[in-house]
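*Asks:* You'll find data26.cif just under this line, and it carries mmCIF, C-alpha atoms.
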data_query
loop_
_atom_site.label_atom_id
_atom_site.label_comp_id
_atom_site.auth_asym_id
_atom_site.auth_seq_id
_atom_site.Cartn_x
_atom_site.Cartn_y
_atom_site.Cartn_z
CA MET A 1 -4.48 15.55 15.31
CA ARG A 2 -3.96 19.34 15.24
CA ASN A 3 -0.90 21.35 16.15
CA ASN A 4 0.29 24.91 16.60
CA ILE A 5 3.75 24.55 15.08
CA LYS A 6 3.23 27.51 12.73
CA GLU A 7 2.13 29.86 15.51
CA LEU A 8 5.05 28.91 17.74
CA ARG A 9 7.51 29.10 14.86
CA ASN A 10 6.31 32.59 13.96
CA LYS A 11 6.52 33.58 17.60
CA LEU A 12 10.16 32.45 17.74
CA ASN A 13 10.77 34.09 14.35
CA ILE A 14 12.42 31.07 12.78
CA THR A 15 11.96 29.81 9.23
CA GLN A 16 10.67 26.40 8.18
CA GLU A 17 14.18 25.61 6.92
CA GLU A 18 15.72 26.37 10.32
CA LEU A 19 13.12 24.33 12.15
CA ALA A 20 13.66 21.45 9.73
CA LYS A 21 17.41 21.54 10.42
CA LYS A 22 16.83 21.54 14.17
CA ALA A 23 14.37 18.63 13.98
CA LYS A 24 16.58 16.81 11.41
CA VAL A 25 13.87 16.50 8.80
CA ARG A 26 13.23 17.92 5.32
CA ARG A 27 11.48 21.30 4.96
CA GLU A 28 8.58 19.59 3.15
CA THR A 29 7.87 17.58 6.30
CA ILE A 30 7.54 20.79 8.32
CA ILE A 31 5.16 22.17 5.67
CA PHE A 32 3.00 19.03 5.88
CA LEU A 33 3.10 19.13 9.68
CA GLU A 34 1.99 22.77 9.77
CA GLN A 35 -0.86 21.99 7.39
CA ASN A 36 -1.95 19.07 9.61
CA LYS A 37 -1.46 16.73 6.68
CA TYR A 38 1.02 14.44 8.40
CA ASN A 39 0.90 12.70 11.76
CA PRO A 40 4.49 12.50 13.04
CA SER A 41 6.07 9.67 15.00
CA LEU A 42 6.57 10.15 18.72
CA GLN A 43 10.28 10.76 18.08
CA LEU A 44 9.63 13.49 15.49
CA ALA A 45 6.94 15.09 17.66
CA HIS A 46 9.47 15.19 20.50
CA ASP A 47 12.20 16.65 18.23
CA VAL A 48 9.92 19.37 16.86
CA ALA A 49 8.66 20.23 20.33
CA GLU A 50 12.23 20.42 21.61
CA ALA A 51 13.28 22.61 18.65
CA LEU A 52 10.44 24.98 19.48
CA GLY A 53 11.23 24.93 23.17
CA THR A 54 7.97 23.35 24.24
CA SER A 55 6.48 19.96 25.07
CA ILE A 56 4.51 17.50 22.93
CA ASP A 57 1.24 17.97 24.85
CA LYS A 58 1.41 21.73 24.35
CA LEU A 59 2.30 21.46 20.67
CA PHE A 60 -0.21 18.81 19.61
CA GLN A 61 -3.92 18.64 20.35
CA PHE A 62 -5.49 15.21 20.22
CA MET B 1 27.16 20.16 -0.32
CA THR B 2 23.47 20.97 -0.36
CA ASN B 3 20.66 18.55 -1.14
CA LYS B 4 19.85 20.50 -4.35
CA GLN B 5 23.40 20.20 -5.65
CA TYR B 6 23.43 16.50 -4.83
CA LYS B 7 20.16 15.95 -6.70
CA LYS B 8 21.48 17.84 -9.76
CA ILE B 9 24.67 15.73 -9.83
CA LYS B 10 22.58 12.58 -9.36
CA LEU B 11 20.43 13.53 -12.36
CA ILE B 12 23.52 14.17 -14.52
CA ILE B 13 24.98 10.80 -13.48
CA ILE B 14 21.70 9.03 -14.35
CA VAL B 15 21.77 10.62 -17.82
CA ILE B 16 25.41 9.53 -18.29
CA ILE B 17 24.53 5.97 -17.18
CA ALA B 18 21.59 5.87 -19.63
CA ILE B 19 23.84 7.02 -22.52
CA ILE B 20 26.57 4.49 -21.65
CA PHE B 21 24.02 1.67 -21.26
CA GLY B 22 22.42 2.53 -24.60
CA GLN B 23 25.79 2.59 -26.36
CA SER B 24 26.91 -0.63 -24.66
CA ILE B 25 23.83 -2.48 -25.92
CA VAL B 26 24.53 -1.20 -29.46
CA LEU B 27 28.20 -2.22 -29.20
CA GLU B 28 27.29 -5.49 -27.40
CA ASN B 29 29.78 -4.75 -24.65
CA TYR B 30 28.51 -5.67 -21.20
CA ILE B 31 31.63 -4.93 -19.17
CA ILE B 32 31.46 -1.14 -19.65
CA PRO B 33 27.94 -0.79 -18.09
CA ILE B 34 28.89 -2.98 -15.10
CA VAL B 35 32.06 -0.93 -14.49
CA THR B 36 30.09 2.30 -14.98
CA LEU B 37 27.44 1.15 -12.53
CA ILE B 38 30.02 0.30 -9.86
CA ILE B 39 31.95 3.59 -10.32
CA THR B 40 28.82 5.78 -10.36
CA SER B 41 27.40 3.99 -7.30
CA LEU B 42 30.63 4.68 -5.41
CA VAL B 43 30.66 8.33 -6.57
CA LEU B 44 27.05 8.77 -5.45
CA LEU B 45 27.80 7.12 -2.12
CA LEU B 46 30.75 9.46 -1.52
CA LEU B 47 28.73 12.52 -2.57
CA ARG B 48 25.84 11.46 -0.34
CA ARG B 49 28.17 11.47 2.65
CA ARG B 50 29.15 15.07 1.89
CA VAL B 51 25.53 16.29 1.94
CA LYS B 52 24.88 18.14 5.15
CA ASP B 53 21.11 18.51 4.65
CA VAL B 54 18.63 15.77 5.44
CA ILE B 55 18.11 13.74 2.23
CA SER B 56 15.19 11.68 3.48
CA ASP B 57 13.27 11.54 6.73
CA GLU B 58 10.55 9.43 8.36
CA ARG B 59 7.83 10.87 6.09
CA ASP B 60 9.78 9.79 2.99
CA MET B 61 10.23 6.33 4.50
CA ALA B 62 6.52 6.04 5.29
CA LEU B 63 5.56 7.23 1.80
CA GLY B 64 8.17 4.95 0.24
CA GLY B 65 6.79 1.96 2.13
CA LYS B 66 3.20 2.65 1.10
CA SER B 67 4.18 3.36 -2.52
CA ALA B 68 6.28 0.17 -2.71
CA LEU B 69 3.42 -1.94 -1.36
CA ILE B 70 0.90 -0.47 -3.83
CA ALA B 71 3.43 -0.80 -6.70
CA ILE B 72 3.95 -4.49 -5.84
CA GLN B 73 0.19 -5.08 -5.75
CA ILE B 74 -0.37 -3.30 -9.09
CA TYR B 75 2.56 -5.12 -10.73
CA SER B 76 1.36 -8.49 -9.42
CA TRP B 77 -2.18 -8.02 -10.71
CA ILE B 78 -0.98 -6.82 -14.13
CA ALA B 79 1.58 -9.65 -14.36
CA VAL B 80 -1.00 -12.32 -13.44
CA ILE B 81 -3.58 -11.01 -15.95
CA VAL B 82 -0.98 -10.68 -18.74
CA MET B 83 0.37 -14.14 -17.87
CA PHE B 84 -3.11 -15.74 -18.24
CA VAL B 85 -3.74 -13.87 -21.52
CA LEU B 86 -0.34 -14.90 -22.94
CA TYR B 87 -0.77 -18.48 -21.73
CA SER B 88 -4.20 -18.79 -23.35
CA PHE B 89 -2.73 -17.59 -26.67
CA LYS B 90 0.34 -19.85 -26.54
CA ASP B 91 -0.92 -21.83 -29.56
CA THR B 92 -0.97 -18.65 -31.65
CA ASN B 93 2.66 -17.85 -30.84
CA PRO B 94 4.93 -20.29 -28.95
CA PHE B 95 6.96 -17.39 -27.52
CA TYR B 96 4.00 -16.25 -25.43
CA GLU B 97 4.44 -19.17 -23.02
CA PRO B 98 8.01 -18.39 -21.82
CA ILE B 99 7.10 -14.68 -21.51
CA GLY B 100 4.04 -15.58 -19.41
CA MET B 101 6.06 -17.99 -17.28
CA THR B 102 8.78 -15.37 -16.73
CA LEU B 103 6.12 -12.91 -15.58
CA ALA B 104 4.57 -15.49 -13.25
CA TYR B 105 7.89 -16.50 -11.69
CA SER B 106 9.05 -12.89 -11.36
CA THR B 107 5.81 -12.10 -9.49
CA CYS B 108 6.36 -15.08 -7.17
CA LEU B 109 9.96 -14.01 -6.54
CA LEU B 110 8.90 -10.41 -5.88
CA MET B 111 6.30 -11.55 -3.33
CA LEU B 112 8.78 -13.95 -1.72
CA ILE B 113 11.43 -11.20 -1.36
CA TYR B 114 8.78 -8.81 -0.02
CA SER B 115 7.62 -11.27 2.64
CA ILE B 116 11.23 -12.05 3.66
CA VAL B 117 12.16 -8.35 3.91
CA PHE B 118 8.91 -7.59 5.78
CA ARG B 119 9.59 -10.32 8.32
CA PHE B 120 13.22 -9.26 8.61
CA TYR B 121 12.16 -5.73 9.54
CA ASN B 122 9.70 -7.15 11.99
CA LYS B 123 12.67 -7.62 14.32
CA GLU B 124 10.73 -8.91 17.29
CA THR B 125 9.32 -11.81 15.33
CA PHE B 126 12.69 -12.33 13.67
CA SER B 127 14.58 -12.66 16.93
CA LYS B 128 11.94 -14.99 18.38
CA ASN B 129 11.91 -17.32 15.37
CA LYS B 130 15.58 -17.04 14.45
CA LYS B 131 16.01 -20.81 14.01
CA LYS B 132 13.02 -21.03 11.70
CA TYR B 133 14.39 -18.26 9.47
CA ILE B 134 17.88 -19.78 9.34
CA ILE B 135 16.37 -23.14 8.25
CA PHE B 136 14.25 -21.34 5.66
CA ALA B 137 17.32 -19.43 4.38
CA ILE B 138 19.29 -22.71 4.05
CA ILE B 139 16.42 -24.39 2.14
CA LEU B 140 16.13 -21.34 -0.12
CA ALA B 141 19.90 -21.30 -0.74
CA ILE B 142 19.85 -25.03 -1.62
CA PHE B 143 16.88 -24.50 -3.95
CA ILE B 144 18.59 -21.54 -5.69
CA SER B 145 21.85 -23.52 -5.98
CA PHE B 146 20.08 -26.49 -7.61
CA PHE B 147 18.17 -24.16 -9.91
CA SER B 148 21.39 -22.32 -10.87
CA ILE B 149 23.25 -25.58 -11.55
CA ARG B 150 20.36 -26.81 -13.68
CA PHE B 151 20.01 -23.45 -15.48
CA PHE B 152 23.69 -22.84 -16.17
CA SER B 153 24.74 -26.45 -16.75
CA GLY B 154 24.17 -26.11 -20.49
CA GLU B 155 21.89 -29.17 -20.58
CA ASP B 156 18.64 -29.10 -22.56
CA ASN B 157 19.21 -25.87 -24.43
CA TRP B 158 20.11 -24.55 -27.87
CA VAL B 159 23.75 -24.34 -28.93
CA CYS B 160 25.06 -22.09 -31.70
CA ARG B 161 27.20 -24.13 -34.11
CA ASP B 162 28.28 -23.21 -37.65
CA GLY B 163 25.70 -20.45 -37.90
CA GLN B 164 22.81 -22.70 -36.83
CA TRP B 165 20.94 -23.36 -33.61
CA ILE B 166 21.34 -27.02 -32.71
CA LYS B 167 19.44 -28.87 -29.95
CA HIS B 168 21.55 -29.89 -26.97
CA GLY B 169 19.57 -32.40 -24.95
CA ASN B 170 15.83 -31.89 -25.04
CA PRO B 171 14.97 -28.19 -24.63
CA ASP B 172 11.28 -27.51 -23.92
CA TYR B 173 11.32 -24.17 -25.74
CA GLN B 174 11.80 -22.93 -29.29
CA ALA B 175 15.19 -22.02 -30.78
CA PRO B 176 16.35 -18.44 -30.04
CA ILE B 177 15.23 -15.84 -32.56
CA VAL B 178 18.54 -13.95 -32.41
CA GLU B 179 21.01 -14.58 -35.21
CA CYS B 180 23.50 -17.36 -34.53
CA LYS B 181 27.00 -16.02 -35.28
#
Is it possible to give me this structure as structure tokens?
*Replies:*
Amino acid sequence: MRNNIKELRNKLNITQEELAKKAKVRRETIIFLEQNKYNPSLQLAHDVAEALGTSIDKLFQF
Amino acid sequence: MTNKQYKKIKLIIIVIIAIIFGQSIVLENYIIPIVTLIITSLVLLLLRRRVKDVISDERDMALGGKSALIAIQIYSWIAVIVMFVLYSFKDTNPFYEPIGMTLAYSTCLLMLIYSIVFRFYNKETFSKNKKKYIIFAIILAIFISFFSIRFFSGEDNWVCRDGQWIKHGNPDYQAPIVECK
């Protein structure tokens, strides 16, 4: 599963720390998500998508 | 409080606990470490509540679960192998047998606790078979009670009297190696 979290985050000009706070996870989790090294739960995928102002299907490519 | 500050304090507390535990063993005082453990646990709990950052998330939980499962498997295999080796050499040294048995029983207990916790978290199954689990819990409690009564009753063990270890009943293990005071 691939995602474009990094691109969207850069577009919104927010740091990994800020995104982590919004999604209520640790910064390391955001790093792993951006590197496609971790497949999030549906809840986390929703939270990250919401924090980036987008939807799950636009954020993640299956 | 930030997560970093909390982790630093936690590390300092762990060092303090280790020092106190070490000293308590030397001084043969077992009340101090218990009191220390209770106080430090409460301090850590209070500090944890003051942390505004996320301490652990779903990734940590997933990693923790996998790591715990692998750790249990590794421990079980090592314990079983060591138990067989110790048991086969029990004639060389009689102390090998109780060590091997302790390892074997600890492995059984670990697996039993793991399966109970696993099934407990599997809430759907738990709620469906609630009666079965309550019966199992009662049987387990009765078994532990009988075992505790038997273990702590003072029957069939070694008693320290006038500087010597004297048989009380018919213990199936050797006299303790520690000095009888």
*Asks:* Name the residues captured by the PyMOL selection byres ((chain A) within 9 of (chain B)) when it is applied to the shown file; answer as an MDAnalysis selection string.
*Replies:* chainID A and resid 20:21 24:26 29 38 40:41 44
*Asks:* Figure out the distance between atom CA of B:Leu45 and atom CA of A:Ile30, please, to one decimal in Å.
*Replies:*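 Answer for the atom CA of A:Ile30 to atom CA of B:Leu45 separation: 26.6 Å.
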*Asks:* Record the distance separating atom CA of B:Met111 and atom CA of B:Ile78, expressed in Å with one decimal.
*Replies:*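 According to the coordinates, atom CA of B:Met111 and atom CA of B:Ile78 are separated by 13.9 Å.
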*Asks:* For the file shown, what are the residues hit by the PyMOL selection byres ((chain B and resi 174) around 10), laid out as a VMD selection string?
*Replies:* chain B and resid 94 to 95 98 157 to 158 167 171 to 173 175 to 177
*Asks:* Could those residues be written to a file, using C-alpha atoms, as a compact mmCIF listing (two decimals), in the coordinates of the input?
*Replies:*
# COMPACT_ATOMS: atom_id res chain seq x y z
CA PRO B 94 4.93 -20.29 -28.95
CA PHE B 95 6.96 -17.39 -27.52
CA PRO B 98 8.01 -18.39 -21.82
CA ASN B 157 19.21 -25.87 -24.43
CA TRP B 158 20.11 -24.55 -27.87
CA LYS B 167 19.44 -28.87 -29.95
CA PRO B 171 14.97 -28.19 -24.63
CA ASP B 172 11.28 -27.51 -23.92
CA TYR B 173 11.32 -24.17 -25.74
CA ALA B 175 15.19 -22.02 -30.78
CA PRO B 176 16.35 -18.44 -30.04
CA ILE B 177 15.23 -15.84 -32.56
*Asks:* Write out as a ChimeraX atom specification each polymer residue whose atoms come within 12 Å of stretch 68-75 of chain B, counting all atoms listed in the file; drop sequence neighbours fewer than 5 positions from it.
*Replies:* /B:60-63,80-83,103-104,106-115,118
*Asks:* Kindly give the distance, in Å, that separates atom CA of B:Ile116 and atom CA of B:Ile134, rounded to a single decimal.
*Replies:*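 According to the coordinates, atom CA of B:Ile116 and atom CA of B:Ile134 are separated by 11.7 Å.
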*Asks:* Applied to this file, what does the PyMOL selection byres ((chain A and resi 5) around 10) return in terms of residues, put as a ChimeraX atom specification?
*Replies:* /A:2-4,6-11,16,19,30-31,33-36,48-49,52,58-60
*Asks:* Using all atoms listed in the file, determine which residues lie at most 10 Å from stretch 6-12 of chain B, disregarding the query and same-chain residues fewer than 6 positions distant; provide the list as number ranges by chain.
*Replies:* B: 18, 40, 43-44, 47-48, 50-51, 53, 55
*Asks:* Given 3 Å on each side, where is the centre and what are the edge lengths in Å to one decimal of the axis-aligned box enclosing the listed atoms of stretch 24-39 of chain A, as JSON?
*Replies:*
{"center_x": 7.3, "center_y": 17.7, "center_z": 7.5, "size_x": 24.5, "size_y": 16.1, "size_z": 14.6}
*Asks:* List as a list in words the protein and nucleic acid residues near B:Ala137, meaning an atom at most 12 Å away when only C-alpha atoms are counted, but skip any in the same chain fewer than 5 places from it.
*Replies:* Leu112, Ile113, Ile116, Phe120, Lys130, Lys131, Lys132, Ile142, Phe143 and Ile144 of chain B
*Asks:* With distances taken over only C-alpha atoms, which residue among A:Phe32, A:Arg27, A:Leu42, A:Asn13 lies nearest A:Ser55?
*Replies:*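 Between A:Phe32, A:Arg27, A:Leu42, A:Asn13, the residue approaching A:Ser55 most closely is A:Leu42.
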